[in-house]
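K.L.:
What follows is structure.txt; its format and atoms are compact mmCIF, C-alpha atoms and all ligand atoms.
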# COMPACT_ATOMS: atom_id res chain seq x y z
CA MET K 1 9.63 19.44 -12.00
CA ASN K 2 8.85 16.72 -14.55
CA ILE K 3 7.94 13.48 -12.84
CA LEU K 4 7.61 9.88 -14.01
CA ILE K 5 5.77 7.30 -11.92
CA LEU K 6 6.28 3.64 -12.81
CA GLY K 7 3.27 1.36 -12.34
CA GLY K 8 -0.40 1.25 -13.17
CA GLY K 9 -2.52 0.21 -10.19
CA GLY K 10 -4.46 1.88 -7.41
CA ARG K 11 -1.22 2.57 -5.57
CA GLU K 12 0.14 4.53 -8.53
CA HIS K 13 -3.17 6.36 -9.05
CA SER K 14 -2.99 7.61 -5.47
CA LEU K 15 0.68 8.58 -5.86
CA ALA K 16 -0.18 10.47 -9.05
CA TRP K 17 -3.11 12.18 -7.34
CA ALA K 18 -0.92 13.40 -4.47
CA VAL K 19 1.95 14.46 -6.74
CA MET K 20 -0.39 16.41 -9.06
CA GLN K 21 -1.59 18.54 -6.16
CA ASN K 22 1.90 19.78 -5.43
CA PRO K 23 2.64 23.04 -7.27
CA LYS K 24 6.20 21.79 -7.84
CA CYS K 25 4.91 19.29 -10.37
CA ASP K 26 5.00 20.74 -13.89
CA LYS K 27 4.39 17.55 -15.81
CA LEU K 28 3.47 14.03 -14.74
CA ILE K 29 3.75 10.87 -16.82
CA VAL K 30 2.68 7.49 -15.46
CA ALA K 31 3.81 4.31 -17.20
CA PRO K 32 1.78 2.32 -17.96
CA GLY K 33 -0.97 3.99 -15.87
CA ASN K 34 -4.65 3.07 -16.22
CA ALA K 35 -8.00 4.64 -17.14
CA GLY K 36 -8.30 6.54 -13.85
CA ILE K 37 -4.74 7.83 -13.97
CA ALA K 38 -5.32 8.98 -17.57
CA GLN K 39 -7.92 11.42 -16.22
CA ILE K 40 -5.24 13.32 -14.25
CA ALA K 41 -1.91 12.61 -15.97
CA GLU K 42 -0.33 11.53 -19.21
CA CYS K 43 0.03 7.75 -19.54
CA ALA K 44 2.79 6.10 -21.56
CA SER K 45 3.46 2.53 -22.49
CA LEU K 46 6.88 1.47 -21.29
CA ASN K 47 8.36 -1.75 -19.94
CA ALA K 48 8.95 -0.59 -16.36
CA GLU K 49 11.29 -3.52 -15.65
CA ASP K 50 13.67 -2.65 -18.49
CA GLY K 51 16.17 -0.26 -16.91
CA GLY K 52 17.65 0.80 -20.24
CA ALA K 53 14.23 1.62 -21.68
CA VAL K 54 13.26 3.58 -18.55
CA VAL K 55 16.47 5.65 -18.67
CA THR K 56 15.98 6.42 -22.38
CA PHE K 57 12.35 7.37 -21.80
CA ALA K 58 13.27 9.60 -18.86
CA GLU K 59 15.97 11.37 -20.89
CA GLU K 60 13.74 11.87 -23.92
CA ASN K 61 10.99 13.34 -21.75
CA ALA K 62 13.25 15.57 -19.63
CA ILE K 63 12.20 13.76 -16.46
CA ASP K 64 13.67 15.19 -13.23
CA PHE K 65 12.34 12.64 -10.77
CA VAL K 66 11.22 9.01 -11.08
CA ILE K 67 8.99 7.38 -8.45
CA VAL K 68 8.94 3.58 -8.65
CA GLY K 69 5.62 2.04 -7.51
CA PRO K 70 5.95 -1.77 -7.62
CA GLU K 71 8.75 -4.05 -6.42
CA ALA K 72 9.53 -5.80 -9.72
CA PRO K 73 11.41 -2.87 -11.36
CA LEU K 74 13.34 -2.34 -8.11
CA ALA K 75 14.34 -6.00 -7.90
CA ALA K 76 15.38 -5.73 -11.56
CA GLY K 77 17.78 -2.85 -10.80
CA VAL K 78 15.84 -0.05 -12.51
CA ALA K 79 16.67 2.43 -9.72
CA ASP K 80 20.39 1.64 -10.11
CA ARG K 81 20.23 2.35 -13.84
CA LEU K 82 18.49 5.67 -13.27
CA ARG K 83 20.96 6.72 -10.58
CA ALA K 84 23.88 5.78 -12.81
CA ALA K 85 22.38 8.03 -15.50
CA GLY K 86 22.19 10.90 -13.02
CA ILE K 87 18.38 10.86 -12.73
CA LEU K 88 16.83 11.39 -9.30
CA VAL K 89 14.85 8.33 -8.26
CA PHE K 90 12.71 7.27 -5.32
CA GLY K 91 13.27 3.59 -4.65
CA PRO K 92 16.04 1.27 -3.46
CA SER K 93 18.87 -0.31 -5.42
CA GLU K 94 18.62 -3.90 -6.56
CA ALA K 95 20.93 -4.90 -3.69
CA ALA K 96 18.77 -3.12 -1.09
CA ALA K 97 15.54 -4.40 -2.66
CA ARG K 98 16.58 -7.85 -1.47
CA LEU K 99 14.82 -6.91 1.77
CA GLU K 100 11.68 -7.89 -0.14
CA ALA K 101 13.09 -10.13 -2.86
CA SER K 102 14.73 -12.64 -0.49
CA LYS K 103 13.24 -13.72 2.81
CA SER K 104 16.45 -15.46 3.94
CA PHE K 105 18.39 -12.26 3.24
CA THR K 106 15.95 -10.33 5.44
CA LYS K 107 16.34 -12.88 8.21
CA GLU K 108 20.13 -12.61 7.99
CA VAL K 109 19.90 -8.81 8.24
CA CYS K 110 17.51 -9.08 11.22
CA ASP K 111 20.01 -11.38 12.95
CA ALA K 112 22.80 -8.87 12.41
CA ALA K 113 20.54 -6.03 13.55
CA GLN K 114 19.20 -8.02 16.51
CA ALA K 115 15.74 -6.97 15.38
CA PRO K 116 12.86 -8.90 17.00
CA THR K 117 11.31 -11.31 14.47
CA ALA K 118 10.17 -14.93 14.27
CA GLY K 119 12.76 -17.66 14.84
CA TYR K 120 13.54 -19.49 11.60
CA GLY K 121 15.43 -22.07 9.66
CA HIS K 122 16.61 -21.70 6.05
CA PHE K 123 16.69 -24.67 3.68
CA THR K 124 17.77 -25.61 0.17
CA ASP K 125 16.97 -29.26 0.73
CA ALA K 126 13.45 -30.67 1.14
CA GLU K 127 14.39 -33.47 3.54
CA ALA K 128 16.10 -31.08 5.98
CA ALA K 129 13.08 -28.77 5.76
CA ARG K 130 10.70 -31.63 6.53
CA ALA K 131 12.82 -32.68 9.49
CA HIS K 132 12.69 -29.11 10.82
CA VAL K 133 8.89 -29.13 10.65
CA ARG K 134 8.65 -32.51 12.41
CA GLU K 135 10.99 -31.27 15.12
CA ASN K 136 9.14 -28.00 15.73
CA GLY K 137 5.53 -29.02 15.07
CA ALA K 138 2.64 -26.81 14.01
CA PRO K 139 1.50 -24.09 13.76
CA ILE K 140 4.46 -23.12 11.63
CA VAL K 141 4.99 -20.86 8.61
CA VAL K 142 6.56 -22.01 5.33
CA LYS K 143 7.81 -19.33 2.92
CA ALA K 144 9.28 -19.47 -0.56
CA ASP K 145 12.45 -17.37 -0.40
CA GLY K 146 11.86 -15.25 -3.50
CA LEU K 147 9.14 -13.01 -4.95
CA ALA K 148 5.98 -15.07 -5.48
CA ALA K 149 3.34 -12.38 -6.05
CA GLY K 150 2.20 -12.59 -2.44
CA LYS K 151 1.39 -16.30 -2.72
CA GLY K 152 4.60 -17.83 -1.38
CA VAL K 153 3.62 -17.89 2.31
CA ILE K 154 1.78 -20.81 3.88
CA VAL K 155 0.67 -20.37 7.47
CA ALA K 156 0.27 -24.04 8.38
CA MET K 157 -1.95 -24.85 11.33
CA ASP K 158 -0.96 -28.55 11.15
CA GLU K 159 2.15 -30.48 10.19
CA ASP K 160 0.66 -32.09 7.07
CA THR K 161 -0.09 -28.69 5.55
CA ALA K 162 3.46 -27.56 6.25
CA LEU K 163 4.95 -30.73 4.74
CA ALA K 164 2.74 -30.38 1.65
CA ALA K 165 3.86 -26.74 1.27
CA ILE K 166 7.50 -27.83 1.39
CA ASP K 167 6.85 -30.41 -1.34
CA ASP K 168 5.05 -27.81 -3.46
CA MET K 169 7.82 -25.26 -3.10
CA PHE K 170 10.71 -27.61 -3.84
CA GLY K 171 8.53 -29.16 -6.56
CA GLY K 172 8.60 -25.84 -8.41
CA ALA K 173 5.11 -24.46 -7.64
CA PHE K 174 6.65 -21.01 -7.26
CA GLY K 175 9.36 -21.39 -9.86
CA GLY K 176 12.80 -20.14 -8.84
CA ALA K 177 11.27 -18.33 -5.82
CA GLY K 178 10.84 -21.70 -4.09
CA ALA K 179 14.33 -23.12 -4.66
CA GLU K 180 15.06 -21.91 -1.14
CA VAL K 181 12.58 -22.10 1.71
CA VAL K 182 12.42 -20.26 5.00
CA ILE K 183 10.48 -21.90 7.83
CA GLU K 184 9.39 -19.61 10.62
CA GLU K 185 8.00 -19.79 14.08
CA PHE K 186 4.29 -18.89 14.04
CA MET K 187 3.76 -15.51 15.69
CA GLU K 188 0.52 -14.62 17.41
CA GLY K 189 -0.78 -11.09 17.74
CA GLU K 190 -2.30 -8.28 15.74
CA GLU K 191 -0.77 -7.22 12.42
CA ALA K 192 -0.18 -3.66 11.31
CA SER K 193 2.13 -1.93 8.87
CA LEU K 194 4.37 1.03 9.36
CA PHE K 195 5.63 3.08 6.41
CA VAL K 196 9.04 4.63 6.82
CA LEU K 197 10.96 6.84 4.43
CA CYS K 198 14.70 6.15 4.36
CA ASP K 199 17.47 8.12 2.67
CA GLY K 200 20.35 5.76 3.42
CA GLU K 201 21.05 7.45 6.72
CA ASP K 202 17.95 8.99 8.29
CA ILE K 203 14.45 7.62 8.64
CA LEU K 204 11.03 9.25 8.92
CA SER K 205 7.75 7.51 9.67
CA ILE K 206 4.95 8.62 7.34
CA GLY K 207 2.15 6.68 8.93
CA SER K 208 0.67 3.34 9.78
CA ALA K 209 -2.09 1.23 8.25
CA GLN K 210 -3.91 -2.05 8.60
CA ASP K 211 -5.25 -4.01 5.68
CA HIS K 212 -7.73 -6.83 5.22
CA LYS K 213 -6.10 -9.64 3.26
CA ARG K 214 -8.94 -12.18 3.24
CA VAL K 215 -11.65 -11.93 0.63
CA GLY K 216 -14.56 -12.58 3.00
CA GLU K 217 -16.24 -10.59 5.74
CA GLY K 218 -14.92 -11.25 9.24
CA ASP K 219 -11.49 -11.85 7.65
CA THR K 220 -12.37 -15.27 6.27
CA GLY K 221 -11.76 -17.08 2.99
CA PRO K 222 -8.78 -17.04 0.62
CA ASN K 223 -6.01 -14.46 0.72
CA THR K 224 -6.05 -11.54 -1.71
CA GLY K 225 -3.76 -8.62 -2.43
CA GLY K 226 -5.90 -6.69 0.09
CA MET K 227 -9.63 -5.90 0.17
CA GLY K 228 -9.32 -2.62 2.04
CA ALA K 229 -7.17 -0.67 4.46
CA TYR K 230 -7.30 2.14 6.95
CA SER K 231 -4.84 4.57 8.48
CA PRO K 232 -3.75 5.15 11.17
CA ALA K 233 -3.63 1.68 12.74
CA PRO K 234 -4.89 2.06 16.31
CA VAL K 235 -2.82 -0.94 17.47
CA LEU K 236 0.36 0.98 16.58
CA SER K 237 0.32 3.39 19.51
CA PRO K 238 3.05 6.05 19.57
CA GLU K 239 4.98 3.91 22.11
CA ILE K 240 4.84 0.77 19.98
CA GLU K 241 5.73 2.72 16.86
CA ALA K 242 8.75 4.22 18.64
CA ARG K 243 9.80 0.73 19.71
CA ALA K 244 9.49 -0.56 16.13
CA MET K 245 11.57 2.35 14.84
CA GLU K 246 14.29 1.93 17.50
CA GLN K 247 14.47 -1.86 17.67
CA ILE K 248 13.69 -2.86 14.09
CA VAL K 249 13.92 -0.12 11.45
CA LYS K 250 16.95 1.83 12.71
CA PRO K 251 19.22 -1.18 13.27
CA THR K 252 18.14 -2.65 9.90
CA MET K 253 19.10 0.58 8.16
CA ARG K 254 22.42 0.62 10.01
CA VAL K 255 23.20 -2.94 8.91
CA MET K 256 22.23 -2.16 5.29
CA ALA K 257 24.57 0.86 5.29
CA GLU K 258 27.40 -1.16 6.87
CA ARG K 259 27.02 -3.82 4.18
CA GLY K 260 27.56 -1.14 1.56
CA THR K 261 23.94 -1.31 0.39
CA PRO K 262 22.22 1.67 2.02
CA TYR K 263 18.44 1.67 1.64
CA GLN K 264 16.69 4.61 0.02
CA GLY K 265 12.96 4.75 -0.60
CA VAL K 266 9.93 3.72 1.40
CA LEU K 267 10.18 0.71 3.67
CA TYR K 268 6.98 -1.20 4.32
CA VAL K 269 7.41 -2.65 7.79
CA GLY K 270 4.95 -5.49 8.41
CA LEU K 271 4.64 -6.02 12.15
CA MET K 272 3.05 -8.50 14.53
CA ILE K 273 2.19 -6.89 17.85
CA LYS K 274 1.63 -8.80 21.05
CA ASP K 275 1.67 -7.49 24.62
CA GLY K 276 3.00 -4.14 23.43
CA GLN K 277 6.00 -5.69 21.65
CA PRO K 278 6.31 -5.40 17.85
CA ARG K 279 8.10 -8.11 15.87
CA LEU K 280 8.92 -7.99 12.18
CA VAL K 281 6.81 -10.17 9.86
CA GLU K 282 8.24 -8.88 6.59
CA TYR K 283 9.69 -5.94 4.77
CA ASN K 284 8.49 -4.72 1.42
CA VAL K 285 10.55 -2.19 -0.53
CA ARG K 286 7.57 -0.18 -1.81
CA PHE K 287 4.28 1.23 -0.64
CA GLY K 288 1.55 -1.30 0.12
CA ASP K 289 -1.39 -1.57 -2.21
CA PRO K 290 -4.04 -0.56 -1.00
CA GLU K 291 -2.24 0.92 2.04
CA CYS K 292 -0.66 3.62 -0.15
CA GLN K 293 -4.11 4.90 -1.09
CA VAL K 294 -4.98 5.77 2.53
CA LEU K 295 -1.53 7.22 3.21
CA MET K 296 -1.69 9.48 0.12
CA MET K 297 -5.20 10.60 1.07
CA ARG K 298 -3.83 11.71 4.44
CA LEU K 299 -0.56 13.22 3.22
CA GLY K 300 -1.77 14.96 0.07
CA ALA K 301 0.68 17.19 -1.79
CA GLN K 302 3.45 16.97 0.82
CA ALA K 303 3.99 13.34 -0.24
CA LEU K 304 6.03 14.65 -3.18
CA ASP K 305 8.24 16.82 -0.97
CA LEU K 306 8.83 13.90 1.38
CA MET K 307 9.71 11.43 -1.38
CA GLN K 308 12.02 14.01 -2.94
CA ALA K 309 13.71 14.62 0.43
CA ALA K 310 14.30 10.87 0.76
CA ALA K 311 15.74 10.64 -2.76
CA GLU K 312 18.01 13.64 -2.19
CA GLY K 313 19.25 12.50 1.23
CA ARG K 314 17.58 15.37 3.07
CA LEU K 315 15.25 13.48 5.42
CA LYS K 316 16.99 14.89 8.49
CA GLU K 317 15.36 18.25 7.75
CA ALA K 318 11.98 16.87 6.62
CA GLN K 319 8.86 16.56 8.70
CA VAL K 320 5.31 15.38 8.19
CA ASN K 321 2.49 17.82 8.83
CA TRP K 322 -0.43 15.76 10.03
CA ALA K 323 -4.05 16.73 10.02
CA ASP K 324 -5.51 14.78 12.92
CA ASP K 325 -7.44 12.58 10.50
CA HIS K 326 -8.28 9.04 9.43
CA ALA K 327 -8.63 7.47 6.01
CA ILE K 328 -10.11 4.26 4.69
CA THR K 329 -10.16 2.53 1.34
CA VAL K 330 -12.66 -0.11 0.23
CA VAL K 331 -11.61 -2.32 -2.66
CA MET K 332 -14.23 -3.09 -5.31
CA ALA K 333 -13.26 -6.37 -6.95
CA ALA K 334 -14.61 -8.39 -9.88
CA ALA K 335 -16.93 -11.26 -8.92
CA GLY K 336 -14.86 -14.41 -8.54
CA TYR K 337 -11.68 -12.67 -7.38
CA PRO K 338 -9.19 -13.95 -6.10
CA GLY K 339 -10.17 -16.94 -8.26
CA ASP K 340 -11.22 -16.65 -11.90
CA TYR K 341 -13.06 -13.50 -12.86
CA ALA K 342 -14.29 -11.86 -16.04
CA LYS K 343 -12.90 -8.66 -17.54
CA GLY K 344 -14.73 -6.07 -19.58
CA SER K 345 -17.91 -5.33 -17.59
CA GLU K 346 -18.94 -1.67 -17.55
CA ILE K 347 -18.75 0.44 -14.40
CA LYS K 348 -21.26 3.29 -14.24
CA GLY K 349 -21.83 6.16 -11.88
CA LEU K 350 -18.22 7.19 -11.39
CA ALA K 351 -18.55 10.62 -13.01
CA ALA K 352 -21.11 11.76 -10.44
CA LEU K 353 -18.87 11.04 -7.45
CA PRO K 354 -16.98 13.76 -5.57
CA GLU K 355 -13.23 14.04 -6.22
CA ASP K 356 -11.65 16.19 -3.57
CA SER K 357 -9.36 16.05 -0.57
CA MET K 358 -11.93 13.98 1.35
CA ASN K 359 -13.18 11.58 -1.34
CA MET K 360 -11.43 9.82 -4.17
CA VAL K 361 -12.05 6.71 -6.21
CA PHE K 362 -8.65 5.38 -7.28
CA HIS K 363 -8.57 3.02 -10.23
CA ALA K 364 -6.70 -0.23 -9.72
CA GLY K 365 -7.67 -2.30 -12.76
CA THR K 366 -9.70 -0.36 -15.32
CA LYS K 367 -9.63 0.37 -19.01
CA ALA K 368 -11.34 3.15 -20.95
CA ASP K 369 -13.48 2.40 -23.98
CA GLY K 370 -14.44 5.81 -25.33
CA ASP K 371 -16.34 7.40 -22.45
CA ARG K 372 -17.03 4.08 -20.79
CA ILE K 373 -14.94 2.64 -17.94
CA LEU K 374 -14.50 -1.12 -18.03
CA ALA K 375 -13.21 -3.53 -15.39
CA ASN K 376 -9.82 -4.84 -16.38
CA GLY K 377 -8.50 -6.76 -13.37
CA GLY K 378 -9.36 -8.57 -10.14
CA ARG K 379 -9.09 -5.58 -7.84
CA VAL K 380 -10.72 -2.82 -9.86
CA LEU K 381 -11.47 0.30 -7.76
CA ASN K 382 -10.27 1.67 -4.43
CA VAL K 383 -13.02 3.80 -2.95
CA THR K 384 -11.17 6.05 -0.54
CA ALA K 385 -12.30 8.68 1.97
CA ARG K 386 -10.94 10.74 4.81
CA GLY K 387 -12.68 11.91 8.00
CA GLN K 388 -12.21 13.27 11.50
CA ASN K 389 -12.46 9.72 12.73
CA LEU K 390 -12.57 6.28 11.17
CA GLN K 391 -16.35 5.98 11.38
CA GLU K 392 -16.83 9.21 9.44
CA ALA K 393 -14.30 8.15 6.81
CA ARG K 394 -15.93 4.76 6.52
CA ASP K 395 -19.45 6.19 6.14
CA ARG K 396 -18.18 8.43 3.33
CA ALA K 397 -16.45 5.57 1.55
CA TYR K 398 -19.46 3.25 1.65
CA ALA K 399 -21.75 6.09 0.55
CA MET K 400 -19.62 6.32 -2.60
CA VAL K 401 -19.58 2.53 -3.02
CA ASP K 402 -23.38 2.62 -2.98
CA GLN K 403 -23.46 5.11 -5.83
CA ILE K 404 -21.30 2.99 -8.10
CA ASP K 405 -23.36 0.96 -10.52
CA TRP K 406 -21.38 -2.20 -11.19
CA PRO K 407 -23.39 -5.42 -10.71
CA GLU K 408 -20.37 -7.56 -11.66
CA GLY K 409 -18.33 -6.22 -8.73
CA PHE K 410 -18.32 -6.81 -4.97
CA VAL K 411 -16.94 -5.27 -1.79
CA ARG K 412 -16.43 -6.32 1.78
CA ARG K 413 -18.87 -4.38 3.92
CA ASP K 414 -16.78 -4.59 7.08
CA ILE K 415 -13.53 -2.80 6.26
CA GLY K 416 -12.18 -1.28 9.48
CA TRP K 417 -14.23 -3.51 11.79
CA ARG K 418 -11.33 -4.35 14.09
CA ALA K 419 -10.63 -0.69 14.72
CA LEU K 420 -14.29 0.25 15.25
P1 LIG S 1 4.37 -12.19 4.20
O1 LIG S 1 4.25 -12.33 2.72
O2 LIG S 1 5.70 -12.59 4.76
O3 LIG S 1 3.85 -10.90 4.69
O4 LIG S 1 3.30 -13.21 4.81
C1 LIG S 1 1.95 -13.10 4.48
C2 LIG S 1 1.11 -13.18 5.72
O5 LIG S 1 1.36 -14.41 6.40
C3 LIG S 1 1.43 -12.11 6.75
O6 LIG S 1 0.77 -10.93 6.50
C4 LIG S 1 0.98 -12.77 8.02
O7 LIG S 1 -0.43 -12.66 8.17
C5 LIG S 1 1.30 -14.20 7.79
N1 LIG S 1 2.60 -14.55 8.39
C6 LIG S 1 3.81 -14.47 7.79
N2 LIG S 1 4.79 -14.86 8.64
C7 LIG S 1 4.18 -15.19 9.79
C8 LIG S 1 4.65 -15.69 11.06
N3 LIG S 1 5.94 -15.94 11.27
N4 LIG S 1 3.73 -15.90 12.01
C9 LIG S 1 2.42 -15.69 11.79
N5 LIG S 1 1.92 -15.23 10.63
C10 LIG S 1 2.79 -14.99 9.64
N1 LIG S 2 -1.42 -4.96 0.79
C1 LIG S 2 -0.26 -5.75 0.96
C2 LIG S 2 0.87 -5.41 0.09
O1 LIG S 2 0.89 -4.44 -0.63
O2 LIG S 2 1.86 -6.14 0.10
Since I need it in another form, could you write the structure as structure tokens?
P.N.:
Amino acid sequence: MNILILGGGGREHSLAWAVMQNPKCDKLIVAPGNAGIAQIAECASLNAEDGGAVVTFAEENAIDFVIVGPEAPLAAGVADRLRAAGILVFGPSEAAARLEASKSFTKEVCDAAQAPTAGYGHFTDAEAARAHVRENGAPIVVKADGLAAGKGVIVAMDEDTALAAIDDMFGGAFGGAGAEVVIEEFMEGEEASLFVLCDGEDILSIGSAQDHKRVGEGDTGPNTGGMGAYSPAPVLSPEIEARAMEQIVKPTMRVMAERGTPYQGVLYVGLMIKDGQPRLVEYNVRFGDPECQVLMMRLGAQALDLMQAAAEGRLKEAQVNWADDHAITVVMAAAGYPGDYAKGSEIKGLAALPEDSMNMVFHAGTKADGDRILANGGRVLNVTARGQNLQEARDRAYAMVDQIDWPEGFVRRDIGWRAL
């Protein structure tokens, strides 16, 4: 099987790593890829959001299966173009990708599905939005409706912050994404994510994870794309997971099918859990980054079979074979991230690290310069390890971190603290 993965971050490195281990994979191309991915697969430059270009590339390279990593190509309809060309693809249609691309759409679907989630109001007018905040008081959550690179959510602990967020959003701070605003009830509890494969009809959970969004130790400081993650998430007990599947995921999938927009791909189910009851925070229509890295570490080669089963509508007969294990990933970021940071510093010591089913350093933002590996982004490396328990996995991951010689980088030293 010839496989094309779209994307070029740590998520796609981990997908490529899992896919390459499966004997079914004859050839793997990742577009655009990165310096780490180039060590295990062919990288190609391709505009992943241009459906026509992706179809042409796939045909020219005799690609049998396309796996879409990030949300932007999905929201741009790339999966639809591939399907129309008769190419097998893992990832939802543009219409189904609205579960991530529009927060008011997701709320509407949750209403129809009677899925537990935060109460909300939906506004296209700033004055009405302000009135809603004054009526309901703080804490309250203000969200730009569209895709805003993870920055369009303001959890406001006081009214003034919420009102300022409304002004920013309608003032164009998030471009078109903020032309509509969703205002939600603030939910208390512990957050965790569940990853569910969907084939339009059947669903299959492929694991849970928790990430650390704040840049600072103790979960403090500004939000980032994620400074680390671990799987499984202890807060998602089998009972709570079953509840989330029955009350949230299944009815959502039923509503999507009834609307004529069945969902196929992986559904990232962001949950808030309180007193044993999960409520939906958000859906994403792709794997989380860095959550994917810990899931791939735990699934290994079977990840390809599972994604293929989802794409071919065969999930009913699929099952996950779990080792009773844990995985953790620690993000190494460039000093200054998530604010301004420099690119181009050299990272040494990577070649001496183990690369096996227990230890992997996935590249998120790197570039090769001859034999040298240079930092080329904010989040740069995902140091990932597996173990019999979380402590063992964590010790392995930090032992690798300590062998990496990169003075311009930093890590959080407390990834996994809530679970330990
Ligand atoms: P989202 O992009 O919707 O995942 O929101 C980003 C983060 O904001 C989430 O991971 C939560 O930590 C927080 N958040 C979003 N919505 C709510 C809510 N209704 N109540 C409490 N926290 C929320
Ligand atoms: N780590 C959060 C996300 O991928 O959205």
K.L.:
Using all atoms listed in the file, which residue out of K:Gly288, K:Gly349, K:Gly370, K:Gly200 lies closest to ligand LIG 2 (chain S)?
P.N.:
K:Gly288
K.L.:
Quick one: residues within 9 Å of Lys107 of chain K, only C-alpha atoms, excluding same-chain residues fewer than 3 positions away - as a ChimeraX atom specification?
P.N.:
/K:99,102-104,110-112,117-120,182
K.L.:
For Leu304 of chain K, which residue among K:Met256, K:Val320, K:Ala393, K:Ala375 is the nearest when counting all atoms listed in the file?
P.N.:
K:Val320
K.L.:
Please compute the atom CA of Ala309 of chain K-atom CA of Tyr268 of chain K distance, one decimal, in Å.
P.N.:
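Interatomic distance here is 17.6 Å.
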K.L.:
Could you work out an axis-aligned box for ligand LIG 1 (chain S), taking every atom the file lists and adding 5 Å on each side, and report centre and edge lengths in Å to one decimal, as lines of an AutoDock Vina configuration file?
P.N.:
center_x = 2.8
center_y = -13.4
center_z = 7.4
size_x = 16.4
size_y = 15.0
size_z = 19.3
K.L.:
Could you report the residues within 6 Å of ligand LIG 1 (chain S), using all atoms listed in the file, as a PyMOL selection string?
P.N.:
chain K and resi 118+141+150+153+184-187+281-282
K.L.:
Which is closer to ligand LIG 2 (chain S) than all the others in K:Asp324, K:Glu191, K:Asp158, K:Glu59, using all atoms listed in the file?
P.N.:
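For ligand LIG 2 (chain S), the nearest of the given residues is K:Glu191.
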